[in-house]
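Notes follow once the structure below has been shown.
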Amino acid sequence: QLQLVESGGGLVESGGSRRLSCAVSGPMFSRYIMGWFRQRPGKEREFVAAIRRNSGTLYADSVKGRFTISRDNTKKTMSLQMNDLRPEDTAIYYCAVDSTGIITTPDSSLRAANEYEYWGQGTQVTVSS
């Protein structure tokens, strides 16, 4: 059983930056596919970014070029560096683990929330205009 804990949320001005972190407890962290999702007010949970075990990355079009996902297998952490934040980025951000994904898991699968078995509790990011 894995436990995920996000941190780093808060209030930031439009155009500013924020770094989210996700700490994972449990074995075999380096083997997992990790992802970030967000849920904006009144919206369904949506894909933000994912990182494979070989550090290959995938981004939603809405954040590409502004957000960077990374992982530290030694520390068992994953991060999301968010730059040029916009009011529409306001959301609860969740980290997630896909413990059964493999190298050939298609990008389309990694964009789907149901691909991930473990979730953190979420951290609120609010971007003021």
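Ligands are numbered from 1 in the order shown, chains are lettered A, B, ... in the order of the structure tokens, and residues start at 1 in each chain.
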request  = Please provide the set of residues having any atom within 9 Å of Leu110 in chain A, restricted to only C-alpha atoms, with same-chain residues fewer than 3 positions apart removed, written as JSON, numbers by chain.
outcome  = {"A": [33, 34, 35, 47, 49, 50, 58, 98, 101, 105, 106, 107, 113, 114, 115, 116]}
Mind checking which residues fall within 10 Å of Arg19 in chain A, counting only C-alpha atoms, ignoring those fewer than 6 positions away in the same chain, and posting them as a ChimeraX atom specification? /A:7-10,67-69,79-83
From the list A:Ser30, A:Gln1, A:Ser109, A:Asn54, the nearest residue to Asn73 in chain A using only C-alpha atoms is A:Ser30
(request) Please identify which residues in range 7-99 of chain A DSSP calls helix (DSSP H, G or I) from the backbone, and express them as a PyMOL selection string. (result) chain A and resi 29-31+87-89
Can I get the selected residues back with C-alpha atoms, as a short mmCIF file (atom, residue, chain, number, x, y, z; two decimals), in the first residue's frame?
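Once everything was written out, this is result11.cif:
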data_model
loop_
_atom_site.label_atom_id
_atom_site.label_comp_id
_atom_site.auth_asym_id
_atom_site.auth_seq_id
_atom_site.Cartn_x
_atom_site.Cartn_y
_atom_site.Cartn_z
CA PHE A 29 9.19 4.04 -6.33
CA SER A 30 11.58 4.06 -9.30
CA ARG A 31 9.37 1.58 -11.16
CA PRO A 87 -6.07 32.36 -12.89
CA GLU A 88 -7.38 29.37 -14.85
CA ASP A 89 -4.69 27.23 -13.19
#
Run DSSP on the backbone and grab whatever in chain A lands in strand (DSSP E); send it over as a PDB file with N, CA, C and O atoms, in the first residue's frame.
ATOM      1  N   GLN A   3       1.386   5.486   0.154  1.00  0.00           N
ATOM      2  CA  GLN A   3       0.809   6.733   0.636  1.00  0.00           C
ATOM      3  C   GLN A   3       1.485   7.888  -0.087  1.00  0.00           C
ATOM      4  O   GLN A   3       2.715   7.909  -0.212  1.00  0.00           O
ATOM      5  N   LEU A   4       0.670   8.842  -0.536  1.00  0.00           N
ATOM      6  CA  LEU A   4       1.171   9.997  -1.267  1.00  0.00           C
ATOM      7  C   LEU A   4       0.776  11.263  -0.510  1.00  0.00           C
ATOM      8  O   LEU A   4      -0.393  11.404  -0.111  1.00  0.00           O
ATOM      9  N   VAL A   5       1.725  12.158  -0.362  1.00  0.00           N
ATOM     10  CA  VAL A   5       1.446  13.408   0.341  1.00  0.00           C
ATOM     11  C   VAL A   5       1.960  14.566  -0.497  1.00  0.00           C
ATOM     12  O   VAL A   5       3.166  14.661  -0.763  1.00  0.00           O
ATOM     13  N   GLU A   6       1.036  15.448  -0.909  1.00  0.00           N
ATOM     14  CA  GLU A   6       1.411  16.633  -1.673  1.00  0.00           C
ATOM     15  C   GLU A   6       1.714  17.790  -0.734  1.00  0.00           C
ATOM     16  O   GLU A   6       1.177  17.867   0.371  1.00  0.00           O
ATOM     17  N   SER A   7       2.533  18.695  -1.220  1.00  0.00           N
ATOM     18  CA  SER A   7       2.813  19.933  -0.497  1.00  0.00           C
ATOM     19  C   SER A   7       3.167  21.004  -1.507  1.00  0.00           C
ATOM     20  O   SER A   7       3.451  20.713  -2.675  1.00  0.00           O
ATOM     21  N   GLY A  10      -0.753  26.936  -2.424  1.00  0.00           N
ATOM     22  CA  GLY A  10      -0.913  28.234  -1.783  1.00  0.00           C
ATOM     23  C   GLY A  10      -1.449  29.255  -2.755  1.00  0.00           C
ATOM     24  O   GLY A  10      -1.919  28.922  -3.847  1.00  0.00           O
ATOM     25  N   LEU A  11      -1.346  30.512  -2.345  1.00  0.00           N
ATOM     26  CA  LEU A  11      -1.838  31.633  -3.142  1.00  0.00           C
ATOM     27  C   LEU A  11      -0.661  32.272  -3.876  1.00  0.00           C
ATOM     28  O   LEU A  11       0.391  32.526  -3.287  1.00  0.00           O
ATOM     29  N   VAL A  12      -0.845  32.506  -5.172  1.00  0.00           N
ATOM     30  CA  VAL A  12       0.212  33.109  -5.977  1.00  0.00           C
ATOM     31  C   VAL A  12      -0.428  34.086  -6.958  1.00  0.00           C
ATOM     32  O   VAL A  12      -1.566  33.885  -7.398  1.00  0.00           O
ATOM     33  N   GLU A  13       0.289  35.122  -7.293  1.00  0.00           N
ATOM     34  CA  GLU A  13      -0.217  36.101  -8.244  1.00  0.00           C
ATOM     35  C   GLU A  13      -0.075  35.600  -9.675  1.00  0.00           C
ATOM     36  O   GLU A  13       0.815  34.791  -9.982  1.00  0.00           O
ATOM     37  N   ARG A  18       5.164  28.476  -8.754  1.00  0.00           N
ATOM     38  CA  ARG A  18       4.932  27.652  -7.570  1.00  0.00           C
ATOM     39  C   ARG A  18       5.478  26.278  -7.857  1.00  0.00           C
ATOM     40  O   ARG A  18       5.406  25.787  -8.996  1.00  0.00           O
ATOM     41  N   ARG A  19       6.007  25.630  -6.822  1.00  0.00           N
ATOM     42  CA  ARG A  19       6.538  24.275  -6.981  1.00  0.00           C
ATOM     43  C   ARG A  19       5.787  23.339  -6.043  1.00  0.00           C
ATOM     44  O   ARG A  19       5.792  23.544  -4.819  1.00  0.00           O
ATOM     45  N   LEU A  20       5.168  22.345  -6.619  1.00  0.00           N
ATOM     46  CA  LEU A  20       4.479  21.323  -5.837  1.00  0.00           C
ATOM     47  C   LEU A  20       5.363  20.100  -5.702  1.00  0.00           C
ATOM     48  O   LEU A  20       6.136  19.776  -6.618  1.00  0.00           O
ATOM     49  N   SER A  21       5.246  19.440  -4.559  1.00  0.00           N
ATOM     50  CA  SER A  21       5.992  18.207  -4.333  1.00  0.00           C
ATOM     51  C   SER A  21       5.045  17.103  -3.901  1.00  0.00           C
ATOM     52  O   SER A  21       3.992  17.369  -3.315  1.00  0.00           O
ATOM     53  N   CYS A  22       5.457  15.891  -4.190  1.00  0.00           N
ATOM     54  CA  CYS A  22       4.679  14.714  -3.791  1.00  0.00           C
ATOM     55  C   CYS A  22       5.656  13.688  -3.223  1.00  0.00           C
ATOM     56  O   CYS A  22       6.552  13.236  -3.935  1.00  0.00           O
ATOM     57  N   ALA A  23       5.480  13.372  -1.961  1.00  0.00           N
ATOM     58  CA  ALA A  23       6.313  12.365  -1.309  1.00  0.00           C
ATOM     59  C   ALA A  23       5.555  11.046  -1.279  1.00  0.00           C
ATOM     60  O   ALA A  23       4.376  11.011  -0.923  1.00  0.00           O
ATOM     61  N   VAL A  24       6.248   9.990  -1.660  1.00  0.00           N
ATOM     62  CA  VAL A  24       5.619   8.664  -1.748  1.00  0.00           C
ATOM     63  C   VAL A  24       6.278   7.714  -0.757  1.00  0.00           C
ATOM     64  O   VAL A  24       7.506   7.580  -0.750  1.00  0.00           O
ATOM     65  N   SER A  25       5.484   7.087   0.065  1.00  0.00           N
ATOM     66  CA  SER A  25       6.009   6.062   0.959  1.00  0.00           C
ATOM     67  C   SER A  25       5.633   4.699   0.403  1.00  0.00           C
ATOM     68  O   SER A  25       4.526   4.503  -0.077  1.00  0.00           O
ATOM     69  N   ILE A  33       5.029   4.821 -12.744  1.00  0.00           N
ATOM     70  CA  ILE A  33       4.656   5.992 -13.514  1.00  0.00           C
ATOM     71  C   ILE A  33       3.926   6.930 -12.553  1.00  0.00           C
ATOM     72  O   ILE A  33       3.076   6.503 -11.779  1.00  0.00           O
ATOM     73  N   MET A  34       4.288   8.183 -12.600  1.00  0.00           N
ATOM     74  CA  MET A  34       3.710   9.176 -11.694  1.00  0.00           C
ATOM     75  C   MET A  34       2.975  10.232 -12.511  1.00  0.00           C
ATOM     76  O   MET A  34       3.377  10.558 -13.633  1.00  0.00           O
ATOM     77  N   GLY A  35       1.932  10.785 -11.898  1.00  0.00           N
ATOM     78  CA  GLY A  35       1.174  11.807 -12.610  1.00  0.00           C
ATOM     79  C   GLY A  35       0.666  12.908 -11.699  1.00  0.00           C
ATOM     80  O   GLY A  35       0.582  12.730 -10.478  1.00  0.00           O
ATOM     81  N   TRP A  36       0.370  14.033 -12.308  1.00  0.00           N
ATOM     82  CA  TRP A  36      -0.315  15.151 -11.646  1.00  0.00           C
ATOM     83  C   TRP A  36      -1.647  15.378 -12.360  1.00  0.00           C
ATOM     84  O   TRP A  36      -1.690  15.422 -13.601  1.00  0.00           O
ATOM     85  N   PHE A  37      -2.665  15.532 -11.570  1.00  0.00           N
ATOM     86  CA  PHE A  37      -3.980  15.898 -12.068  1.00  0.00           C
ATOM     87  C   PHE A  37      -4.458  17.114 -11.283  1.00  0.00           C
ATOM     88  O   PHE A  37      -3.911  17.444 -10.240  1.00  0.00           O
ATOM     89  N   ARG A  38      -5.478  17.764 -11.803  1.00  0.00           N
ATOM     90  CA  ARG A  38      -6.053  18.893 -11.065  1.00  0.00           C
ATOM     91  C   ARG A  38      -7.560  18.905 -11.248  1.00  0.00           C
ATOM     92  O   ARG A  38      -8.092  18.383 -12.232  1.00  0.00           O
ATOM     93  N   GLN A  39      -8.216  19.516 -10.283  1.00  0.00           N
ATOM     94  CA  GLN A  39      -9.660  19.681 -10.369  1.00  0.00           C
ATOM     95  C   GLN A  39      -9.976  21.142 -10.128  1.00  0.00           C
ATOM     96  O   GLN A  39      -9.798  21.651  -9.005  1.00  0.00           O
ATOM     97  N   ARG A  45     -11.946  16.230 -12.726  1.00  0.00           N
ATOM     98  CA  ARG A  45     -10.503  16.094 -12.578  1.00  0.00           C
ATOM     99  C   ARG A  45      -9.879  15.923 -13.962  1.00  0.00           C
ATOM    100  O   ARG A  45     -10.385  15.162 -14.790  1.00  0.00           O
ATOM    101  N   GLU A  46      -8.773  16.619 -14.195  1.00  0.00           N
ATOM    102  CA  GLU A  46      -8.132  16.588 -15.507  1.00  0.00           C
ATOM    103  C   GLU A  46      -6.637  16.337 -15.389  1.00  0.00           C
ATOM    104  O   GLU A  46      -6.002  16.683 -14.400  1.00  0.00           O
ATOM    105  N   PHE A  47      -6.111  15.747 -16.432  1.00  0.00           N
ATOM    106  CA  PHE A  47      -4.685  15.429 -16.511  1.00  0.00           C
ATOM    107  C   PHE A  47      -3.861  16.704 -16.644  1.00  0.00           C
ATOM    108  O   PHE A  47      -4.237  17.627 -17.375  1.00  0.00           O
ATOM    109  N   VAL A  48      -2.721  16.715 -15.951  1.00  0.00           N
ATOM    110  CA  VAL A  48      -1.781  17.828 -16.058  1.00  0.00           C
ATOM    111  C   VAL A  48      -0.458  17.357 -16.666  1.00  0.00           C
ATOM    112  O   VAL A  48       0.010  17.899 -17.667  1.00  0.00           O
ATOM    113  N   ALA A  49       0.147  16.345 -16.043  1.00  0.00           N
ATOM    114  CA  ALA A  49       1.454  15.879 -16.501  1.00  0.00           C
ATOM    115  C   ALA A  49       1.712  14.488 -15.956  1.00  0.00           C
ATOM    116  O   ALA A  49       1.113  14.082 -14.954  1.00  0.00           O
ATOM    117  N   ALA A  50       2.613  13.768 -16.629  1.00  0.00           N
ATOM    118  CA  ALA A  50       3.016  12.438 -16.169  1.00  0.00           C
ATOM    119  C   ALA A  50       4.496  12.239 -16.459  1.00  0.00           C
ATOM    120  O   ALA A  50       5.053  12.864 -17.377  1.00  0.00           O
ATOM    121  N   ILE A  51       5.108  11.363 -15.681  1.00  0.00           N
ATOM    122  CA  ILE A  51       6.518  11.050 -15.882  1.00  0.00           C
ATOM    123  C   ILE A  51       6.702   9.547 -15.741  1.00  0.00           C
ATOM    124  O   ILE A  51       6.250   8.928 -14.779  1.00  0.00           O
ATOM    125  N   THR A  57       8.423  12.362 -20.254  1.00  0.00           N
ATOM    126  CA  THR A  57       7.346  13.200 -19.728  1.00  0.00           C
ATOM    127  C   THR A  57       6.231  13.411 -20.742  1.00  0.00           C
ATOM    128  O   THR A  57       6.410  13.281 -21.961  1.00  0.00           O
ATOM    129  N   LEU A  58       5.088  13.764 -20.206  1.00  0.00           N
ATOM    130  CA  LEU A  58       3.893  14.019 -20.998  1.00  0.00           C
ATOM    131  C   LEU A  58       3.143  15.158 -20.330  1.00  0.00           C
ATOM    132  O   LEU A  58       3.032  15.186 -19.102  1.00  0.00           O
ATOM    133  N   TYR A  59       2.614  16.088 -21.132  1.00  0.00           N
ATOM    134  CA  TYR A  59       1.928  17.256 -20.587  1.00  0.00           C
ATOM    135  C   TYR A  59       0.593  17.492 -21.281  1.00  0.00           C
ATOM    136  O   TYR A  59       0.422  17.193 -22.471  1.00  0.00           O
ATOM    137  N   PHE A  67       4.755  24.317 -17.289  1.00  0.00           N
ATOM    138  CA  PHE A  67       4.933  23.400 -16.168  1.00  0.00           C
ATOM    139  C   PHE A  67       5.999  22.371 -16.509  1.00  0.00           C
ATOM    140  O   PHE A  67       6.132  21.957 -17.673  1.00  0.00           O
ATOM    141  N   THR A  68       6.744  21.936 -15.482  1.00  0.00           N
ATOM    142  CA  THR A  68       7.761  20.904 -15.651  1.00  0.00           C
ATOM    143  C   THR A  68       7.617  19.867 -14.546  1.00  0.00           C
ATOM    144  O   THR A  68       7.650  20.212 -13.361  1.00  0.00           O
ATOM    145  N   ILE A  69       7.463  18.627 -14.958  1.00  0.00           N
ATOM    146  CA  ILE A  69       7.367  17.524 -13.998  1.00  0.00           C
ATOM    147  C   ILE A  69       8.733  16.862 -13.875  1.00  0.00           C
ATOM    148  O   ILE A  69       9.472  16.747 -14.858  1.00  0.00           O
ATOM    149  N   SER A  70       9.074  16.437 -12.674  1.00  0.00           N
ATOM    150  CA  SER A  70      10.356  15.769 -12.457  1.00  0.00           C
ATOM    151  C   SER A  70      10.208  14.780 -11.313  1.00  0.00           C
ATOM    152  O   SER A  70       9.233  14.824 -10.563  1.00  0.00           O
ATOM    153  N   ARG A  71      11.195  13.914 -11.190  1.00  0.00           N
ATOM    154  CA  ARG A  71      11.177  12.936 -10.117  1.00  0.00           C
ATOM    155  C   ARG A  71      12.573  12.740  -9.552  1.00  0.00           C
ATOM    156  O   ARG A  71      13.562  12.908 -10.272  1.00  0.00           O
ATOM    157  N   ASP A  72      12.630  12.379  -8.289  1.00  0.00           N
ATOM    158  CA  ASP A  72      13.897  12.053  -7.626  1.00  0.00           C
ATOM    159  C   ASP A  72      13.704  10.669  -7.004  1.00  0.00           C
ATOM    160  O   ASP A  72      13.069  10.542  -5.957  1.00  0.00           O
ATOM    161  N   THR A  77      10.418  11.259  -4.393  1.00  0.00           N
ATOM    162  CA  THR A  77       9.561  12.424  -4.551  1.00  0.00           C
ATOM    163  C   THR A  77       9.353  12.762  -6.023  1.00  0.00           C
ATOM    164  O   THR A  77      10.157  12.407  -6.883  1.00  0.00           O
ATOM    165  N   MET A  78       8.254  13.448  -6.273  1.00  0.00           N
ATOM    166  CA  MET A  78       7.954  13.953  -7.597  1.00  0.00           C
ATOM    167  C   MET A  78       7.594  15.423  -7.429  1.00  0.00           C
ATOM    168  O   MET A  78       7.032  15.805  -6.398  1.00  0.00           O
ATOM    169  N   SER A  79       7.939  16.229  -8.414  1.00  0.00           N
ATOM    170  CA  SER A  79       7.673  17.661  -8.318  1.00  0.00           C
ATOM    171  C   SER A  79       6.979  18.168  -9.570  1.00  0.00           C
ATOM    172  O   SER A  79       7.062  17.546 -10.628  1.00  0.00           O
ATOM    173  N   LEU A  80       6.306  19.281  -9.400  1.00  0.00           N
ATOM    174  CA  LEU A  80       5.703  19.986 -10.523  1.00  0.00           C
ATOM    175  C   LEU A  80       6.066  21.452 -10.376  1.00  0.00           C
ATOM    176  O   LEU A  80       5.557  22.137  -9.488  1.00  0.00           O
ATOM    177  N   GLN A  81       6.964  21.916 -11.225  1.00  0.00           N
ATOM    178  CA  GLN A  81       7.334  23.322 -11.255  1.00  0.00           C
ATOM    179  C   GLN A  81       6.360  24.041 -12.174  1.00  0.00           C
ATOM    180  O   GLN A  81       6.264  23.710 -13.362  1.00  0.00           O
ATOM    181  N   MET A  82       5.660  25.002 -11.610  1.00  0.00           N
ATOM    182  CA  MET A  82       4.634  25.726 -12.367  1.00  0.00           C
ATOM    183  C   MET A  82       5.063  27.174 -12.531  1.00  0.00           C
ATOM    184  O   MET A  82       5.229  27.886 -11.522  1.00  0.00           O
ATOM    185  N   ALA A  91      -6.839  25.466  -8.865  1.00  0.00           N
ATOM    186  CA  ALA A  91      -7.383  24.119  -8.766  1.00  0.00           C
ATOM    187  C   ALA A  91      -6.803  23.422  -7.542  1.00  0.00           C
ATOM    188  O   ALA A  91      -5.841  23.902  -6.940  1.00  0.00           O
ATOM    189  N   ILE A  92      -7.391  22.288  -7.237  1.00  0.00           N
ATOM    190  CA  ILE A  92      -6.751  21.354  -6.304  1.00  0.00           C
ATOM    191  C   ILE A  92      -5.900  20.423  -7.148  1.00  0.00           C
ATOM    192  O   ILE A  92      -6.392  19.819  -8.110  1.00  0.00           O
ATOM    193  N   TYR A  93      -4.647  20.314  -6.793  1.00  0.00           N
ATOM    194  CA  TYR A  93      -3.698  19.493  -7.540  1.00  0.00           C
ATOM    195  C   TYR A  93      -3.441  18.197  -6.784  1.00  0.00           C
ATOM    196  O   TYR A  93      -3.172  18.202  -5.579  1.00  0.00           O
ATOM    197  N   TYR A  94      -3.520  17.101  -7.520  1.00  0.00           N
ATOM    198  CA  TYR A  94      -3.352  15.767  -6.949  1.00  0.00           C
ATOM    199  C   TYR A  94      -2.178  15.054  -7.621  1.00  0.00           C
ATOM    200  O   TYR A  94      -2.042  15.105  -8.844  1.00  0.00           O
ATOM    201  N   CYS A  95      -1.374  14.374  -6.816  1.00  0.00           N
ATOM    202  CA  CYS A  95      -0.392  13.479  -7.409  1.00  0.00           C
ATOM    203  C   CYS A  95      -0.943  12.063  -7.381  1.00  0.00           C
ATOM    204  O   CYS A  95      -1.792  11.735  -6.542  1.00  0.00           O
ATOM    205  N   ALA A  96      -0.458  11.252  -8.285  1.00  0.00           N
ATOM    206  CA  ALA A  96      -0.997   9.915  -8.446  1.00  0.00           C
ATOM    207  C   ALA A  96       0.089   8.949  -8.908  1.00  0.00           C
ATOM    208  O   ALA A  96       1.051   9.359  -9.554  1.00  0.00           O
ATOM    209  N   VAL A  97      -0.112   7.695  -8.577  1.00  0.00           N
ATOM    210  CA  VAL A  97       0.830   6.633  -8.946  1.00  0.00           C
ATOM    211  C   VAL A  97       0.125   5.577  -9.792  1.00  0.00           C
ATOM    212  O   VAL A  97      -0.955   5.092  -9.432  1.00  0.00           O
ATOM    213  N   ASP A  98       0.743   5.241 -10.889  1.00  0.00           N
ATOM    214  CA  ASP A  98       0.338   4.102 -11.707  1.00  0.00           C
ATOM    215  C   ASP A  98       1.359   3.001 -11.443  1.00  0.00           C
ATOM    216  O   ASP A  98       2.450   3.008 -12.001  1.00  0.00           O
ATOM    217  N   TYR A 118      -3.248   4.960  -6.973  1.00  0.00           N
ATOM    218  CA  TYR A 118      -3.017   5.625  -5.696  1.00  0.00           C
ATOM    219  C   TYR A 118      -3.026   7.136  -5.887  1.00  0.00           C
ATOM    220  O   TYR A 118      -2.467   7.646  -6.869  1.00  0.00           O
ATOM    221  N   TRP A 119      -3.616   7.827  -4.916  1.00  0.00           N
ATOM    222  CA  TRP A 119      -3.793   9.268  -5.002  1.00  0.00           C
ATOM    223  C   TRP A 119      -3.446   9.935  -3.683  1.00  0.00           C
ATOM    224  O   TRP A 119      -3.660   9.364  -2.604  1.00  0.00           O
ATOM    225  N   THR A 123      -3.618  19.348  -2.991  1.00  0.00           N
ATOM    226  CA  THR A 123      -3.144  20.611  -2.441  1.00  0.00           C
ATOM    227  C   THR A 123      -3.715  21.747  -3.290  1.00  0.00           C
ATOM    228  O   THR A 123      -3.708  21.673  -4.521  1.00  0.00           O
ATOM    229  N   GLN A 124      -4.229  22.767  -2.645  1.00  0.00           N
ATOM    230  CA  GLN A 124      -4.905  23.860  -3.325  1.00  0.00           C
ATOM    231  C   GLN A 124      -3.906  24.879  -3.853  1.00  0.00           C
ATOM    232  O   GLN A 124      -3.017  25.328  -3.119  1.00  0.00           O
ATOM    233  N   VAL A 125      -4.052  25.223  -5.109  1.00  0.00           N
ATOM    234  CA  VAL A 125      -3.294  26.320  -5.712  1.00  0.00           C
ATOM    235  C   VAL A 125      -4.303  27.361  -6.182  1.00  0.00           C
ATOM    236  O   VAL A 125      -5.212  27.038  -6.956  1.00  0.00           O
ATOM    237  N   THR A 126      -4.131  28.581  -5.723  1.00  0.00           N
ATOM    238  CA  THR A 126      -5.015  29.669  -6.111  1.00  0.00           C
ATOM    239  C   THR A 126      -4.190  30.764  -6.756  1.00  0.00           C
ATOM    240  O   THR A 126      -3.226  31.251  -6.153  1.00  0.00           O
ATOM    241  N   VAL A 127      -4.550  31.118  -7.971  1.00  0.00           N
ATOM    242  CA  VAL A 127      -3.834  32.147  -8.720  1.00  0.00           C
ATOM    243  C   VAL A 127      -4.726  33.374  -8.811  1.00  0.00           C
ATOM    244  O   VAL A 127      -5.820  33.325  -9.388  1.00  0.00           O
ATOM    245  N   SER A 128      -4.258  34.461  -8.245  1.00  0.00           N
ATOM    246  CA  SER A 128      -5.040  35.696  -8.249  1.00  0.00           C
ATOM    247  C   SER A 128      -4.719  36.515  -9.488  1.00  0.00           C
ATOM    248  O   SER A 128      -3.581  36.541  -9.957  1.00  0.00           O
TER     249      SER A 128
END
Among A:Arg66, A:Tyr32, A:Gly26, A:Arg40, Thr90 in chain A is approached most closely, using only C-alpha atoms, by A:Arg40
Taken to one decimal, the CA of Gly15 in chain A-CA of Pro41 in chain A distance is 20.0 Å
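When only C-alpha atoms are used to compute distances to Ser17 in chain A, the closest of the residues A:Lys75, A:Arg86, A:Lys43, A:Arg52 turns out to be A:Arg86.
Between CA of Gly16 in chain A and CA of Thr74 in chain A the interatomic distance comes to 28.9 Å.
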